[in-house]
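J.: Below you'll find input_0.cif; it's mmCIF, C-alpha atoms.
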```
data_structure
loop_
_atom_site.label_atom_id
_atom_site.label_comp_id
_atom_site.auth_asym_id
_atom_site.auth_seq_id
_atom_site.Cartn_x
_atom_site.Cartn_y
_atom_site.Cartn_z
CA MET P 1 -43.98 30.16 -29.98
CA GLU P 2 -40.85 31.15 -31.82
CA SER P 3 -39.20 32.57 -28.69
CA ALA P 4 -40.18 29.46 -26.73
CA LEU P 5 -38.47 27.30 -29.35
CA VAL P 6 -35.32 29.43 -29.19
CA SER P 7 -35.29 29.27 -25.37
CA GLY P 8 -35.79 25.54 -25.47
CA LEU P 9 -32.96 25.08 -27.95
CA GLN P 10 -30.72 27.38 -25.90
CA GLY P 11 -31.41 25.19 -22.87
CA LEU P 12 -30.58 22.07 -24.85
CA PHE P 13 -27.31 23.48 -26.13
CA ALA P 14 -26.41 25.45 -22.98
CA GLY P 15 -23.54 23.13 -22.24
CA VAL P 16 -22.05 23.55 -25.71
CA LEU P 17 -22.52 27.32 -25.57
CA ASN P 18 -20.89 27.62 -22.16
CA ILE P 19 -17.89 25.34 -22.51
CA THR P 20 -14.57 27.15 -22.30
CA ILE P 21 -11.33 26.33 -24.06
CA TRP P 22 -9.78 25.55 -20.67
CA GLN P 23 -12.46 23.03 -19.86
CA ILE P 24 -11.74 21.34 -23.18
CA VAL P 25 -8.03 21.30 -22.30
CA MET P 26 -8.84 19.73 -18.93
CA ILE P 27 -11.05 17.09 -20.54
CA ALA P 28 -8.13 16.30 -22.87
CA ILE P 29 -5.82 15.96 -19.84
CA ALA P 30 -8.39 13.69 -18.20
CA LEU P 31 -8.44 11.54 -21.33
CA VAL P 32 -4.64 11.27 -21.15
CA LEU P 33 -4.95 10.08 -17.54
CA LEU P 34 -7.53 7.50 -18.62
CA TYR P 35 -5.24 6.40 -21.46
CA LEU P 36 -2.29 6.02 -19.08
CA GLY P 37 -4.40 4.05 -16.64
CA ILE P 38 -6.25 1.82 -19.10
CA LYS P 39 -3.80 1.33 -21.93
CA LYS P 40 -0.45 1.72 -20.18
CA GLY P 41 -1.48 0.25 -16.83
CA TYR P 42 -0.01 3.12 -14.78
CA GLU P 43 -1.78 2.95 -11.38
CA PRO P 44 -5.13 2.23 -13.08
CA LEU P 45 -6.99 1.87 -9.79
CA LEU P 46 -6.43 5.56 -9.16
CA LEU P 47 -5.87 7.09 -12.57
CA VAL P 48 -9.13 5.77 -14.03
CA PRO P 49 -11.43 7.30 -11.37
CA ILE P 50 -9.24 10.44 -11.23
CA GLY P 51 -9.48 10.87 -14.99
CA PHE P 52 -13.22 10.30 -14.96
CA GLY P 53 -13.72 12.67 -12.04
CA ALA P 54 -11.74 15.30 -13.96
CA ILE P 55 -14.07 14.89 -16.94
CA LEU P 56 -17.19 15.19 -14.78
CA VAL P 57 -16.03 18.31 -12.98
CA ASN P 58 -15.19 20.08 -16.23
CA ILE P 59 -18.59 19.56 -17.83
CA PRO P 60 -20.06 23.06 -18.09
CA LEU P 61 -23.10 23.80 -15.95
CA ALA P 62 -23.09 20.31 -14.40
CA ASP P 63 -21.86 21.87 -11.15
CA MET P 64 -20.56 18.59 -9.78
CA MET P 65 -18.54 20.41 -7.15
CA GLY P 66 -21.23 22.97 -6.44
CA LYS P 67 -22.87 23.21 -3.03
CA GLU P 68 -25.17 20.28 -3.70
CA GLY P 69 -23.06 18.55 -6.32
CA PHE P 70 -22.67 14.82 -6.17
CA LEU P 71 -18.87 14.98 -6.06
CA ARG P 72 -18.90 17.75 -3.45
CA PHE P 73 -20.75 15.44 -1.07
CA PHE P 74 -18.02 12.77 -1.20
CA TYR P 75 -15.25 15.38 -1.18
CA ASP P 76 -16.57 17.03 1.98
CA ALA P 77 -17.31 13.73 3.68
CA GLY P 78 -14.14 11.88 2.82
CA VAL P 79 -11.35 14.19 1.72
CA LEU P 80 -11.84 17.32 3.80
CA THR P 81 -12.27 15.12 6.87
CA GLU P 82 -9.14 13.10 5.85
CA VAL P 83 -11.13 9.89 6.34
CA PHE P 84 -10.56 8.40 2.87
CA PRO P 85 -6.73 8.23 2.98
CA LEU P 86 -6.90 6.84 6.50
CA LEU P 87 -9.29 4.06 5.44
CA ILE P 88 -6.91 3.25 2.58
CA PHE P 89 -4.09 3.01 5.12
CA ILE P 90 -5.99 0.29 7.01
CA GLY P 91 -6.14 -1.65 3.75
CA ILE P 92 -2.43 -1.08 3.09
CA GLY P 93 -1.59 -2.33 6.58
CA ALA P 94 -3.74 -5.41 6.01
CA MET P 95 -1.96 -6.13 2.72
CA THR P 96 1.60 -5.57 3.96
CA ASP P 97 3.81 -8.34 5.26
CA PHE P 98 6.44 -6.75 7.50
CA GLN P 99 8.26 -10.06 7.98
CA PRO P 100 11.29 -9.12 5.80
CA LEU P 101 11.72 -6.03 7.96
CA LEU P 102 11.29 -7.95 11.22
CA GLN P 103 14.00 -10.35 10.03
CA ASN P 104 16.40 -7.58 9.09
CA PRO P 105 15.53 -4.51 11.19
CA LYS P 106 18.75 -2.54 10.60
CA ILE P 107 17.70 -2.08 6.99
CA ILE P 108 14.88 0.17 8.21
CA LEU P 109 17.42 3.01 8.21
CA LEU P 110 17.37 2.89 4.41
CA GLY P 111 13.66 3.60 4.74
CA ALA P 112 14.57 6.78 6.60
CA ALA P 113 17.16 7.87 4.04
CA GLY P 114 14.59 7.26 1.31
CA GLN P 115 12.42 10.01 2.78
CA PHE P 116 15.04 12.74 2.74
CA GLY P 117 13.80 13.87 -0.67
CA ILE P 118 10.71 15.20 1.12
CA PHE P 119 12.71 17.62 3.21
CA LEU P 120 15.12 18.65 0.49
CA THR P 121 12.20 19.34 -1.85
CA LEU P 122 10.60 21.43 0.87
CA LEU P 123 13.59 23.77 0.68
CA LEU P 124 13.36 23.89 -3.11
CA ALA P 125 9.63 24.66 -2.99
CA LEU P 126 10.23 27.47 -0.51
CA ALA P 127 12.98 28.83 -2.75
CA LEU P 128 10.51 28.85 -5.65
CA GLY P 129 8.11 30.98 -3.65
CA PHE P 130 5.55 28.48 -2.37
CA ASP P 131 3.84 29.36 0.91
CA LYS P 132 5.01 27.37 3.91
CA LEU P 133 2.12 24.89 4.03
CA ASP P 134 1.89 24.67 0.25
CA ALA P 135 5.59 23.78 0.20
CA VAL P 136 4.93 21.03 2.77
CA ALA P 137 2.15 19.61 0.58
CA VAL P 138 4.40 19.59 -2.52
CA ALA P 139 7.34 18.12 -0.65
CA VAL P 140 5.31 15.21 0.66
CA ILE P 141 5.06 13.84 -2.89
CA GLY P 142 8.55 12.61 -1.98
CA ALA P 143 6.97 10.19 0.48
CA CYS P 144 6.28 8.23 -2.72
CA ASP P 145 3.09 7.20 -1.00
CA GLY P 146 -0.25 8.30 -2.44
CA PRO P 147 -2.40 8.22 0.71
CA THR P 148 0.24 10.11 2.73
CA ALA P 149 0.45 12.80 0.04
CA ILE P 150 -3.35 13.05 -0.07
CA TYR P 151 -3.63 13.16 3.73
CA VAL P 152 -1.10 15.97 4.10
CA SER P 153 -2.24 18.03 1.12
CA SER P 154 -5.93 17.76 2.03
CA LYS P 155 -4.98 18.97 5.50
CA PHE P 156 -2.77 21.90 4.52
CA ALA P 157 -3.34 22.74 0.87
CA PRO P 158 -6.64 21.31 -0.41
CA HIS P 159 -6.46 23.64 -3.43
CA MET P 160 -3.41 21.67 -4.60
CA LEU P 161 -4.83 18.21 -3.93
CA GLY P 162 -5.40 17.36 -7.59
CA ALA P 163 -1.91 18.25 -8.78
CA VAL P 164 -0.18 16.69 -5.76
CA SER P 165 -2.15 13.43 -6.04
CA VAL P 166 -1.68 13.10 -9.78
CA ALA P 167 2.06 13.76 -9.37
CA ALA P 168 2.36 11.27 -6.50
CA TYR P 169 0.60 8.42 -8.27
CA SER P 170 2.13 9.11 -11.68
CA TYR P 171 5.69 9.13 -10.39
CA MET P 172 5.07 6.08 -8.20
CA SER P 173 4.12 4.17 -11.31
CA LEU P 174 7.17 5.54 -13.11
CA VAL P 175 9.63 4.29 -10.47
CA PRO P 176 10.96 1.59 -12.87
CA LEU P 177 11.87 4.35 -15.31
CA ILE P 178 13.05 7.01 -12.84
CA GLN P 179 15.32 4.93 -10.61
CA PRO P 180 17.64 2.86 -12.87
CA PRO P 181 19.51 5.80 -14.45
CA ILE P 182 20.11 7.29 -10.99
CA MET P 183 21.30 3.92 -9.73
CA ARG P 184 23.78 3.63 -12.56
CA ALA P 185 24.98 7.21 -12.13
CA LEU P 186 25.68 6.90 -8.40
CA THR P 187 27.18 3.43 -8.13
CA THR P 188 30.22 1.82 -9.70
CA GLU P 189 29.92 -1.37 -11.68
CA LYS P 190 31.89 -3.13 -8.96
CA GLU P 191 29.40 -2.00 -6.33
CA ARG P 192 26.44 -3.11 -8.41
CA GLN P 193 27.98 -6.58 -8.68
CA ILE P 194 28.25 -7.14 -4.92
CA VAL P 195 26.57 -10.37 -3.92
CA MET P 196 24.89 -10.00 -0.57
CA GLY P 197 24.93 -13.17 1.49
CA ALA P 198 21.66 -14.95 1.92
CA ALA P 199 19.84 -12.89 4.52
CA LYS P 200 19.89 -14.48 7.93
CA LEU P 201 16.24 -15.21 7.68
CA GLU P 202 15.53 -16.22 11.21
CA PRO P 203 11.94 -17.27 11.52
CA ILE P 204 9.80 -14.74 13.32
CA SER P 205 7.39 -15.81 16.04
CA LYS P 206 3.70 -15.13 15.60
CA THR P 207 3.72 -13.19 18.88
CA THR P 208 6.41 -10.85 17.49
CA LYS P 209 4.29 -10.20 14.41
CA ILE P 210 1.29 -9.39 16.60
CA VAL P 211 3.20 -7.24 19.10
CA PHE P 212 4.98 -5.26 16.35
CA PRO P 213 2.02 -3.16 15.10
CA ILE P 214 0.80 -2.52 18.64
CA ALA P 215 4.25 -1.47 19.87
CA VAL P 216 4.94 0.75 16.83
CA THR P 217 1.58 2.47 17.23
CA ILE P 218 2.13 3.27 20.91
CA PHE P 219 5.78 4.18 20.56
CA ALA P 220 5.71 6.22 17.35
CA SER P 221 2.43 7.95 18.16
CA ILE P 222 3.76 9.11 21.51
CA LEU P 223 6.87 10.46 19.77
CA ALA P 224 4.90 12.11 16.96
CA PRO P 225 1.30 12.47 18.17
CA LYS P 226 0.11 14.44 15.14
CA GLY P 227 0.91 11.44 13.00
CA ALA P 228 -1.05 9.01 15.16
CA PRO P 229 -3.90 8.71 12.63
CA LEU P 230 -1.42 7.72 9.88
CA ILE P 231 0.61 5.32 12.00
CA GLY P 232 -2.42 3.95 13.83
CA THR P 233 -4.42 3.06 10.74
CA VAL P 234 -1.53 1.30 8.96
CA MET P 235 -0.74 -0.66 12.08
CA LEU P 236 -4.40 -1.46 12.77
CA GLY P 237 -4.62 -3.01 9.33
CA ASN P 238 -1.44 -4.98 10.00
CA LEU P 239 -2.75 -6.19 13.35
CA LEU P 240 -5.93 -7.42 11.66
CA ARG P 241 -3.68 -9.39 9.30
CA GLU P 242 -1.29 -10.84 11.83
CA SER P 243 -3.70 -11.58 14.67
CA GLY P 244 -5.31 -14.26 12.55
CA VAL P 245 -8.60 -14.01 14.43
CA VAL P 246 -10.44 -11.38 12.40
CA GLU P 247 -10.20 -12.75 8.90
CA ARG P 248 -13.46 -11.03 7.89
CA LEU P 249 -12.23 -7.60 9.00
CA LYS P 250 -8.86 -8.12 7.35
CA SER P 251 -10.53 -9.24 4.15
CA ALA P 252 -12.96 -6.30 4.21
CA SER P 253 -10.11 -3.85 4.84
CA GLU P 254 -7.98 -5.02 1.94
CA ASN P 255 -10.89 -5.64 -0.43
CA GLU P 256 -14.32 -4.04 -0.01
CA ILE P 257 -13.31 -1.00 2.05
CA ALA P 258 -10.12 -0.33 0.11
CA ASN P 259 -11.93 -0.74 -3.23
CA ILE P 260 -14.86 1.51 -2.40
CA VAL P 261 -12.66 4.19 -0.87
CA THR P 262 -10.18 4.04 -3.76
CA LEU P 263 -13.03 4.63 -6.21
CA LEU P 264 -14.48 7.56 -4.25
CA LEU P 265 -11.08 9.03 -3.45
CA GLY P 266 -10.05 8.89 -7.10
CA LEU P 267 -13.26 10.59 -8.17
CA CYS P 268 -12.80 13.28 -5.52
CA ILE P 269 -9.21 13.94 -6.59
CA GLY P 270 -10.38 14.26 -10.18
CA ALA P 271 -13.08 16.61 -8.94
CA THR P 272 -10.44 19.02 -7.67
CA MET P 273 -9.09 19.37 -11.22
CA GLU P 274 -11.39 22.14 -12.36
CA ALA P 275 -9.88 24.10 -15.23
CA ASP P 276 -9.57 27.40 -13.35
CA LYS P 277 -7.83 25.72 -10.41
CA PHE P 278 -5.62 23.22 -12.23
CA LEU P 279 -4.39 25.04 -15.31
CA LYS P 280 -1.81 27.23 -13.64
CA ALA P 281 1.94 27.54 -13.93
CA GLN P 282 2.01 26.34 -10.33
CA THR P 283 0.73 22.91 -11.40
CA LEU P 284 3.74 22.46 -13.67
CA LEU P 285 6.00 23.47 -10.79
CA ILE P 286 4.30 20.89 -8.55
CA LEU P 287 4.79 18.17 -11.16
CA GLY P 288 8.45 19.18 -11.58
CA LEU P 289 9.10 19.30 -7.85
CA GLY P 290 7.39 15.93 -7.39
CA PHE P 291 9.79 14.40 -9.90
CA ILE P 292 12.74 15.99 -8.11
CA ALA P 293 11.43 14.75 -4.74
CA ILE P 294 11.30 11.13 -5.83
CA SER P 295 14.67 11.40 -7.57
CA LEU P 296 16.22 12.88 -4.41
CA ASP P 297 14.75 10.04 -2.33
CA THR P 298 16.56 7.62 -4.63
CA VAL P 299 19.80 9.64 -4.53
CA VAL P 300 19.92 9.83 -0.73
CA GLY P 301 18.87 6.17 -0.39
CA LEU P 302 21.71 5.12 -2.70
CA LEU P 303 24.23 7.32 -0.88
CA PHE P 304 23.15 5.78 2.41
CA GLY P 305 23.51 2.36 0.80
CA LYS P 306 27.06 3.29 -0.21
CA LEU P 307 27.76 4.35 3.37
CA MET P 308 26.49 0.98 4.62
CA CYS P 309 28.63 -0.72 1.97
CA PHE P 310 31.71 1.15 3.22
CA MET P 311 30.95 0.50 6.89
CA THR P 312 30.41 -3.22 6.36
CA GLY P 313 33.55 -3.62 4.29
CA GLY P 314 31.66 -4.15 1.05
CA LYS P 315 29.04 -6.61 2.27
CA VAL P 316 26.07 -4.41 1.38
CA ASN P 317 25.14 -3.76 -2.23
CA PRO P 318 24.33 -0.02 -2.33
CA LEU P 319 21.59 -0.63 -4.89
CA ILE P 320 19.26 -1.73 -2.08
CA GLY P 321 19.30 1.88 -0.87
CA ALA P 322 17.06 2.77 -3.79
CA ALA P 323 14.38 0.50 -2.36
CA GLY P 324 14.01 2.59 0.78
CA ILE P 325 10.96 4.34 -0.64
CA SER P 326 7.33 3.52 -0.14
CA ALA P 327 6.50 2.20 -3.62
CA PHE P 328 6.05 -1.41 -2.51
CA PRO P 329 7.08 -3.86 -3.91
CA MET P 330 7.92 -2.07 -7.15
CA ALA P 331 11.13 -0.44 -5.89
CA ALA P 332 12.40 -3.77 -4.55
CA ARG P 333 11.77 -5.41 -7.92
CA VAL P 334 13.64 -2.62 -9.70
CA VAL P 335 16.65 -3.19 -7.43
CA GLN P 336 16.55 -6.94 -8.04
CA ALA P 337 16.36 -6.44 -11.82
CA GLU P 338 19.19 -3.89 -11.81
CA GLY P 339 21.42 -6.10 -9.65
CA GLN P 340 20.84 -9.10 -11.93
CA LYS P 341 21.88 -7.07 -14.96
CA TYR P 342 25.40 -6.77 -13.55
CA ASN P 343 25.72 -10.08 -11.74
CA LYS P 344 23.55 -13.06 -12.52
CA LYS P 345 24.45 -14.57 -9.13
CA SER P 346 23.14 -11.57 -7.26
CA TYR P 347 19.77 -12.01 -5.53
CA LEU P 348 18.96 -8.73 -3.83
CA LEU P 349 15.21 -9.17 -3.66
CA MET P 350 14.85 -10.17 0.00
CA HIS P 351 17.22 -7.42 1.16
CA ALA P 352 15.46 -4.91 -1.07
CA MET P 353 12.07 -6.02 0.27
CA SER P 354 13.30 -5.29 3.81
CA ALA P 355 14.36 -1.80 2.71
CA ASN P 356 11.09 -1.33 0.86
CA ALA P 357 9.02 -2.33 3.92
CA GLY P 358 11.19 0.12 5.87
CA GLY P 359 10.31 2.75 3.26
CA GLN P 360 6.62 2.11 3.83
CA ILE P 361 6.95 2.72 7.55
CA GLY P 362 9.46 5.49 6.85
CA SER P 363 7.05 7.50 4.70
CA VAL P 364 4.39 7.41 7.38
CA ILE P 365 6.89 8.26 10.13
CA ALA P 366 8.36 11.13 8.06
CA ALA P 367 4.89 12.61 7.59
CA ALA P 368 4.12 12.10 11.28
CA VAL P 369 7.37 13.78 12.32
CA MET P 370 6.67 16.63 9.91
CA LEU P 371 3.16 17.19 11.29
CA SER P 372 4.42 17.15 14.87
CA VAL P 373 7.26 19.57 14.12
CA LEU P 374 4.79 21.90 12.36
CA GLN P 375 2.61 21.81 15.45
CA GLY P 376 5.60 22.42 17.69
CA MET P 377 6.60 25.43 15.59
CA GLY P 378 3.08 26.82 15.89
CA ILE P 379 2.52 26.68 12.12
CA VAL P 380 -0.54 24.45 12.57
CA PRO P 381 -2.89 24.46 15.54
CA GLY P 382 -2.43 21.81 18.20
CA MET X 1 9.11 32.99 11.65
CA ASP X 2 10.79 33.72 8.33
CA THR X 3 10.63 31.30 5.45
CA TRP X 4 14.20 30.04 5.64
CA THR X 5 14.23 29.53 9.39
CA PHE X 6 11.03 27.54 8.90
CA GLY X 7 12.45 25.54 5.99
CA TRP X 8 15.78 24.62 7.53
CA THR X 9 14.26 23.85 10.93
CA LEU X 10 11.64 21.55 9.45
CA ALA X 11 14.17 19.92 7.11
CA LEU X 12 16.81 19.27 9.76
CA ILE X 13 14.47 18.14 12.54
CA GLY X 14 12.41 16.23 10.00
CA MET X 15 15.36 14.27 8.62
CA GLY X 16 16.95 13.75 12.03
CA GLY X 17 13.63 12.90 13.65
CA THR X 18 12.68 10.38 10.97
CA MET X 19 16.08 8.71 11.21
CA LEU X 20 15.91 8.63 15.01
CA VAL X 21 12.38 7.25 15.21
CA LEU X 22 13.12 4.54 12.65
CA TRP X 23 16.35 3.60 14.41
CA LEU X 24 14.43 3.32 17.68
CA ILE X 25 11.84 1.14 15.94
CA SER X 26 14.65 -1.14 14.71
CA VAL X 27 15.93 -1.43 18.30
CA MET X 28 12.38 -2.13 19.42
CA ILE X 29 12.04 -4.91 16.84
CA LEU X 30 15.23 -6.54 18.14
CA LEU X 31 13.88 -6.35 21.69
CA ILE X 32 10.51 -7.81 20.72
CA ARG X 33 12.30 -10.63 18.92
CA LYS X 34 14.37 -11.34 22.03
CA ILE X 35 11.34 -11.33 24.30
CA PHE X 36 9.23 -13.47 21.97
CA PRO X 37 11.71 -15.75 20.19
CA TYR X 38 10.57 -18.14 17.54
CA GLN X 39 9.88 -21.61 18.79
CA ALA X 40 9.22 -24.48 16.48
CA GLU X 41 5.70 -25.84 16.59
CA PRO X 42 5.49 -28.66 19.17
CA SER X 43 4.34 -31.14 16.52
CA ALA X 44 7.23 -30.21 14.24
CA ALA X 45 9.66 -30.47 17.15
CA LYS X 46 8.43 -33.93 18.00
CA LYS X 47 8.85 -35.06 14.41
CA GLY X 48 12.40 -33.69 14.38
#
```
In structure tokens, write the structure found in this file.
T.:
Amino acid sequence: MESALVSGLQGLFAGVLNITIWQIVMIAIALVLLYLGIKKGYEPLLLVPIGFGAILVNIPLADMMGKEGFLRFFYDAGVLTEVFPLLIFIGIGAMTDFQPLLQNPKIILLGAAGQFGIFLTLLLALALGFDKLDAVAVAVIGACDGPTAIYVSSKFAPHMLGAVSVAAYSYMSLVPLIQPPIMRALTTEKERQIVMGAAKLEPISKTTKIVFPIAVTIFASILAPKGAPLIGTVMLGNLLRESGVVERLKSASENEIANIVTLLLGLCIGATMEADKFLKAQTLLILGLGFIAISLDTVVGLLFGKLMCFMTGGKVNPLIGAAGISAFPMAARVVQAEGQKYNKKSYLLMHAMSANAGGQIGSVIAAAVMLSVLQGMGIVPG
Amino acid sequence: MDTWTFGWTLALIGMGGTMLVLWLISVMILLIRKIFPYQAEPSAAKKG
């Protein structure tokens, strides 16, 4: 009887007896993520399920990511197969209005410059000793685009998915804090005061808006076939939006599907944050490199903006270069706010929105180009 | 392939390729706009 009581009590307190200090640390980190999401409003749609998933996976003996664990099921079905980020992309396409870009297509080049941080960070990661594909996964944080980072890291470095995703979403939400000091450091006061003429906002025909996603899908996917899933899903979502004949599908893509997948994806990312996998010096390096990647995106975008300013004889305010990243529309708003600080007559928002929409396409194209080059080099199978 | 050949190749082709593809997309947008120009709605045109 006595031994039965002891066994019973041991079973009841097994969790307490088996918890490690590192699991407690991870639960504390998860609570910080929940605090940032709930109290500070930093990307709550992702940080709340990520934080909760991180708590669940660090409960001793719960085995959430074990062979038959509840989180393992969603992870295998949605993350390992890369389906979740792609479904999110359909929703993003359905939510995005590319009209500012269609009205001002030259600005798309700022969206290319805004991706250079990816490639520069790749070199840094290699210099710090990351394996080739691990370095690719870290560098893609510079896409400043959560689903792209998740897609690439789940493909090439699933063991780093948690750190890469947390870095990507955290820094995206910190764009209003990260970008302004870089903007001020790289531009003169005179440049920041430049008033850009009202954009020649020619109206865009409905046919153009419908043809655009179809043409981009065919054209860009042929050029970078490995990126076809990324490009195709964003553009499918946009076609649902612009065609105007599938309101139910568009609505489902941007609401029900996006919401369900965001919840499951967040939980799965949190589930990769097991203490023994997450608490490594490498995680700190990933977080540091992610910060550098997004800062470099801003630096190169601004430098490209300065080049455009020079080439147009001072008609382009270089600040809009900082909006060439994928954080939409946050980066455009930051540019508008910064421009207004130095010249109340300056309204950069529409120009910055064009650059920002270019950044959205740019991040997907950069990842697609990267995947195709990796295939061409024989680093990944065809 | 050694690490640095890999890194520089991917960085250079990646940056150049991204810039090239996006530039081509901008040209494509201009072409699409030319082929399908905006026309005011017939009812609006009549009113004008």
J.: Output as a tab-separated table one row per residue of chain P within 6 Å of chain X: the closest atom pair and its distance in Å to one decimal place, counting only C-alpha atoms, sorted by chain and residue number ascending.
T.:
```
residue	atom	partner	partner_atom	distance
P:Pro105	CA	X:Ser26	CA	5.0
P:Lys106	CA	X:Ser26	CA	6.0
P:Ala112	CA	X:Met19	CA	5.2
P:Phe119	CA	X:Ala11	CA	4.8
P:Leu123	CA	X:Gly7	CA	5.7
P:Ile204	CA	X:Tyr38	CA	5.5
P:Ser205	CA	X:Tyr38	CA	4.2
P:Thr208	CA	X:Phe36	CA	5.9
P:Ala366	CA	X:Thr18	CA	5.3
P:Met370	CA	X:Gly14	CA	5.8
```
J.: If the PyMOL selection byres ((chain P and resi 217-224) around 8) is run on the structure shown, which residues does it catch, given as a ChimeraX atom specification?
T.: /P:213-216,225-228,231-232,235,365,368-369,371-372 /X:21
J.: Between CA of Ser153 (chain P) and CA of Ile88 (chain P), what is the distance in Å, rounded to a tenth?
T.: 15.6 Å
J.: Leaving out region 79-83 of chain P and any residue of its chain fewer than 6 positions from it, which residues lie within 9 Å of it when counting all atoms listed in the file, given as an mmCIF file with C-alpha atoms, in the coordinates of the input?
T.:
```cif
data_model
loop_
_atom_site.group_PDB
_atom_site.id
_atom_site.type_symbol
_atom_site.label_atom_id
_atom_site.label_comp_id
_atom_site.auth_asym_id
_atom_site.auth_seq_id
_atom_site.Cartn_x
_atom_site.Cartn_y
_atom_site.Cartn_z
ATOM 1 C CA ILE P 150 -3.350 13.050 -0.070
ATOM 2 C CA TYR P 151 -3.630 13.160 3.730
ATOM 3 C CA VAL P 152 -1.100 15.970 4.100
ATOM 4 C CA SER P 154 -5.930 17.760 2.030
ATOM 5 C CA LYS P 155 -4.980 18.970 5.500
ATOM 6 C CA PRO P 158 -6.640 21.310 -0.410
ATOM 7 C CA LEU P 265 -11.080 9.030 -3.450
ATOM 8 C CA CYS P 268 -12.800 13.280 -5.520
ATOM 9 C CA ILE P 269 -9.210 13.940 -6.590
#
```
J.: Got a sec: who's within 7 Å of Val234 (chain P), counting only C-alpha atoms, leaving out chain neighbours fewer than 4 positions off, as an MDAnalysis selection string?
T.: chainID P and resid 89:90 92:93 230 238
J.: Any chance you can output those residues with C-alpha atoms as a tab-separated table (two decimals), in the frame of the given file?
T.:
```
chain	number	residue	atom	x	y	z
P	89	PHE	CA	-4.09	3.01	5.12
P	90	ILE	CA	-5.99	0.29	7.01
P	92	ILE	CA	-2.43	-1.08	3.09
P	93	GLY	CA	-1.59	-2.33	6.58
P	230	LEU	CA	-1.42	7.72	9.88
P	238	ASN	CA	-1.44	-4.98	10.00
```
J.: I need every residue sitting at most 12 Å from the point (-21.5, 19.3, -9.8) (coordinates as in the file, all atoms listed in the file considered), written as a PyMOL selection string.
T.: chain P and resi 53-75+268+271-272+274
J.: Which polymer residues have any atom within 6 Å of an atom of region 27-41 of chain P, counting all atoms listed in the file, with same-chain residues fewer than 3 positions away left out, as a list in words?
T.: Ile24, Pro44, Leu47, Val48, Gly51, Ala54 and Ile55 of chain P
J.: Figure out the distance between CA of Ala293 (chain P) and CA of Ala139 (chain P), please, to one decimal in Å.
T.: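 Going from CA of Ala139 (chain P) over to CA of Ala293 (chain P) covers 6.7 Å.
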J.: Would you compute the distance between CA of Ser165 (chain P) and CA of Ala143 (chain P)? Give it in Å to one decimal.
T.: 11.7 Å
